[in-house]
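The structure under discussion appears below in the form of structure tokens.
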Amino acid sequence: MTPRLRVDGLCIHGVGPVSMDVDAGICVGLSGPSGSGKTLFLRAIADMEPHGGAVYLDGTEQRQIHAPEWRRQVALLPAESLWWFDTAGEHFSRPDADRFHRLGLDPGMLTWPVSRLSSGERQRLALLRLLENDPGLLLLDEPTANLDPDNTTRVEKLVAGYREATGAAVLWVGHRREQLHRVASRVVCISGGRIGNDGGDR
Ligand SMILES: Nc1ncnc2c1ncn2[C@@H]1O[C@H](COP(=O)(O)OP(=O)(O)OP(=O)(O)O)[C@@H](O)[C@H]1O
């Protein structure tokens, strides 16, 4: 079976070569010390940083797909989301009220200026914005870093539900190992430019 994601000899700024496969519907956790290159690795997969090696989505190489289209299918949730319009709602084309409620958000906040949103509200809205494109691969960079335990659980459940319903693969970067082992079916660690098994496969 062709993996959803294939990373083949990826090298970027002293990280790598890294190779890994992630099958459709699988979440892989990615840990590692601060500055070890986790964000760089996600940005390379999202075609946002020049890099060596090759990345494939369902067998199609990154270089064969126009970058904006690649980024619709390979969705990166950065640790700090970017907003370019005045209100949150202008960033959405078809807000899904059910998903808002599942993340503890009121769709009414779509009329608010982005500057009024808390960091945790922005983080959850950025996730909902990404899901509008029905991506086949989610790259989540510390997606619950600004959230309390209840909202962390909500995000974990929404991502698992999306993955199970659509077959999307997920790479989840985080510093809390117990969370990574909860949300992912395997956890790998980047350290010293290398990627290795963090144990805890199940
Ligand atoms: N464009 C670049 N050119 C050279 N080095 C870079 C570039 N971007 C980031 N780096 C360096 O690469 C290293 C890895 O950064 P990265 O943001 O990927 O770390 P991280 O593992 O995500 O860290 P954290 O857990 O603190 O978020 C850092 O030392 C950073 O300064």
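Each chain in the structure tokens gets a letter, A, B, ..., in the order shown, and its residues are numbered from 1; ligands are numbered from 1 in order too.
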**Request:** Would you mind listing the residues within 10 Å of ligand 1, counting only C-alpha atoms and all ligand atoms, as a PyMOL selection string?
**Result:** chain A and resi 12-15+30-44+49-50+78-79+141-142+173-175+189-191+193
Please produce a file of the residues just selected, as a compact mmCIF listing (two decimals), in the first residue's frame, where the atoms kept are N, CA and C atoms.
```txt
# COMPACT_ATOMS: atom_id res chain seq x y z
N ILE A 12 17.49 19.34 6.18
CA ILE A 12 17.25 20.78 6.27
C ILE A 12 18.04 21.35 7.45
N HIS A 13 18.91 22.30 7.17
CA HIS A 13 19.67 23.01 8.19
C HIS A 13 20.20 22.09 9.30
N GLY A 14 20.95 21.07 8.92
CA GLY A 14 21.58 20.22 9.93
C GLY A 14 20.69 19.11 10.46
N VAL A 15 19.45 19.08 10.05
CA VAL A 15 18.56 17.97 10.44
C VAL A 15 18.51 16.99 9.28
N LEU A 30 5.73 13.55 17.41
CA LEU A 30 7.11 13.96 17.16
C LEU A 30 7.57 14.80 18.35
N SER A 31 8.57 14.29 19.08
CA SER A 31 9.08 15.03 20.24
C SER A 31 10.53 15.40 19.96
N GLY A 32 11.14 16.06 20.91
CA GLY A 32 12.55 16.44 20.76
C GLY A 32 12.81 17.72 21.50
N PRO A 33 14.07 17.93 21.88
CA PRO A 33 14.40 19.14 22.64
C PRO A 33 14.10 20.41 21.84
N SER A 34 13.95 21.53 22.55
CA SER A 34 13.79 22.82 21.88
C SER A 34 14.96 23.07 20.96
N GLY A 35 14.65 23.51 19.75
CA GLY A 35 15.70 23.81 18.79
C GLY A 35 16.21 22.60 18.03
N SER A 36 15.59 21.44 18.22
CA SER A 36 16.10 20.23 17.55
C SER A 36 15.65 20.13 16.10
N GLY A 37 14.71 20.97 15.68
CA GLY A 37 14.34 20.98 14.26
C GLY A 37 12.96 20.46 13.95
N LYS A 38 12.09 20.35 14.95
CA LYS A 38 10.74 19.81 14.72
C LYS A 38 9.95 20.73 13.79
N THR A 39 9.99 22.03 14.08
CA THR A 39 9.25 22.98 13.23
C THR A 39 9.82 23.02 11.83
N LEU A 40 11.15 23.00 11.72
CA LEU A 40 11.77 22.99 10.39
C LEU A 40 11.30 21.77 9.60
N PHE A 41 11.26 20.64 10.25
CA PHE A 41 10.84 19.39 9.60
C PHE A 41 9.41 19.54 9.07
N LEU A 42 8.51 20.06 9.89
CA LEU A 42 7.12 20.25 9.42
C LEU A 42 7.08 21.24 8.27
N ARG A 43 7.84 22.32 8.37
CA ARG A 43 7.81 23.35 7.32
C ARG A 43 8.35 22.80 5.99
N ALA A 44 9.34 21.92 6.07
CA ALA A 44 9.87 21.30 4.84
C ALA A 44 8.80 20.41 4.21
N GLU A 49 9.97 25.51 3.21
CA GLU A 49 11.41 25.75 3.38
C GLU A 49 12.14 24.92 2.33
N PRO A 50 13.17 25.49 1.69
CA PRO A 50 13.99 24.68 0.79
C PRO A 50 14.65 23.54 1.57
N PRO A 78 0.74 26.17 12.45
CA PRO A 78 1.95 26.64 13.14
C PRO A 78 1.68 26.88 14.61
N ALA A 79 2.74 26.93 15.39
CA ALA A 79 2.59 27.17 16.83
C ALA A 79 1.92 28.52 17.07
N ASP A 141 1.82 21.73 14.95
CA ASP A 141 2.98 22.16 15.73
C ASP A 141 2.50 22.65 17.09
N GLU A 142 2.63 21.81 18.08
CA GLU A 142 2.17 22.11 19.45
C GLU A 142 0.75 22.68 19.45
N VAL A 173 3.44 17.46 16.70
CA VAL A 173 4.62 17.87 17.46
C VAL A 173 4.19 18.35 18.84
N GLY A 174 4.88 17.87 19.86
CA GLY A 174 4.55 18.31 21.21
C GLY A 174 5.69 18.04 22.17
N HIS A 175 5.60 18.67 23.32
CA HIS A 175 6.63 18.47 24.35
C HIS A 175 6.14 17.56 25.47
N CYS A 189 11.40 10.74 17.94
CA CYS A 189 12.10 11.85 18.58
C CYS A 189 13.17 12.38 17.65
N ILE A 190 13.23 13.70 17.48
CA ILE A 190 14.34 14.31 16.73
C ILE A 190 15.33 14.82 17.75
N SER A 191 16.58 14.42 17.58
CA SER A 191 17.62 14.88 18.49
C SER A 191 18.96 14.78 17.77
N GLY A 193 19.90 16.10 15.15
CA GLY A 193 19.75 16.03 13.69
C GLY A 193 19.23 14.70 13.19
```
Shell of 9 Å around A:Asn151, only C-alpha atoms, local chain residues under 3 positions omitted, as a PDB file with C-alpha atoms, in the first residue's frame:
```pdb
ATOM      1  CA  LEU A 103     -14.067  22.942  20.265  1.00  0.00           C
ATOM      2  CA  GLY A 104     -16.019  24.994  22.808  1.00  0.00           C
ATOM      3  CA  GLY A 120      -6.204  29.730  22.817  1.00  0.00           C
ATOM      4  CA  ARG A 124      -8.499  26.520  17.864  1.00  0.00           C
ATOM      5  CA  THR A 144      -2.637  22.555  22.380  1.00  0.00           C
ATOM      6  CA  LEU A 147      -5.042  25.444  25.988  1.00  0.00           C
ATOM      7  CA  ASP A 148      -6.420  24.344  29.362  1.00  0.00           C
ATOM      8  CA  ARG A 154     -11.571  18.840  22.765  1.00  0.00           C
ATOM      9  CA  VAL A 155      -8.775  19.369  20.232  1.00  0.00           C
ATOM     10  CA  GLU A 156      -7.469  15.824  20.689  1.00  0.00           C
TER      11      GLU A 156
END
```
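If you look at atom CA of A:Asp134 and atom CA of A:Cys11, they are 28.0 Å away from each other.
Comparing the minimum interatomic distances between A:Leu76 and each of A:Pro3, A:Gly16, A:Pro135, A:Gly196, counting only C-alpha atoms, we find that A:Pro135 sits nearest.
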**Message:** One decimal, in Å: what's the spacing between atom CA of A:Arg71 and atom CA of A:Arg102?
**Reply:**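 So the answer is 25.0 Å.
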**Asked** Where in stretch 137-187 of chain A does DSSP assign alpha helix (DSSP H), given as a PyMOL selection string?
**Response** chain A and resi 149-166+177-183
**Asked** If you count only C-alpha atoms, which residues fall within 10 Å of A:Trp83, apart from same-chain ones fewer than 3 positions away, as a PyMOL selection string?
**Response** chain A and resi 80+86-88+90-91+114-115+122+126
**Asked** Tell me, which residues of stretch 68-184 of chain A carry DSSP strand (DSSP E or B), written as a ChimeraX atom specification?
**Response** /A:74-77,87,113,137-141,169-173
**Item:** Counting only C-alpha atoms, the option among A:His101, A:Gly136, A:Glu164, A:Trp112 closest to A:Glu69
**Value:**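 For A:Glu69, the nearest of the candidates is A:Gly136.
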Hey, what's within 8 Å of A:Gly53 if we count only C-alpha atoms and toss same-chain stuff fewer than 2 positions away? As a CSV table (one decimal) with C-alpha atoms, in the first residue's frame, please?
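Writing the result to part-v7.csv gives the following:
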```
chain,number,residue,atom,x,y,z
A,7,VAL,CA,9.7,11.3,3.6
A,8,ASP,CA,12.8,10.1,1.9
A,9,GLY,CA,16.2,11.4,3.0
A,10,LEU,CA,14.9,14.9,4.0
A,11,CYS,CA,17.7,17.2,5.0
A,17,PRO,CA,18.7,12.8,6.4
A,51,HIS,CA,15.3,21.2,1.7
A,55,VAL,CA,8.4,14.2,0.2
```
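The nearest approach to A:Arg99 among the residues A:Leu57, A:Leu77, A:Leu158, A:Leu138, with only C-alpha atoms taken into account, belongs to A:Leu158.
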**Prompt:** Do you have the atom CA of A:Asp23-atom CA of A:Val170 distance handy?
**Reply:** 9.3 Å
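Here the question is which of A:Val183, A:Val22, A:Ala46, A:Leu130 gets nearest to A:Val74 using only C-alpha atoms, and that residue is A:Ala46.
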**Request:** Find the residue from A:Thr153, A:Val159, A:Ile65, A:Gly108 that sits nearest to A:Gln179; use only C-alpha atoms when measuring.
**Result:**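 Among A:Thr153, A:Val159, A:Ile65, A:Gly108, it is A:Thr153 that comes nearest to A:Gln179.
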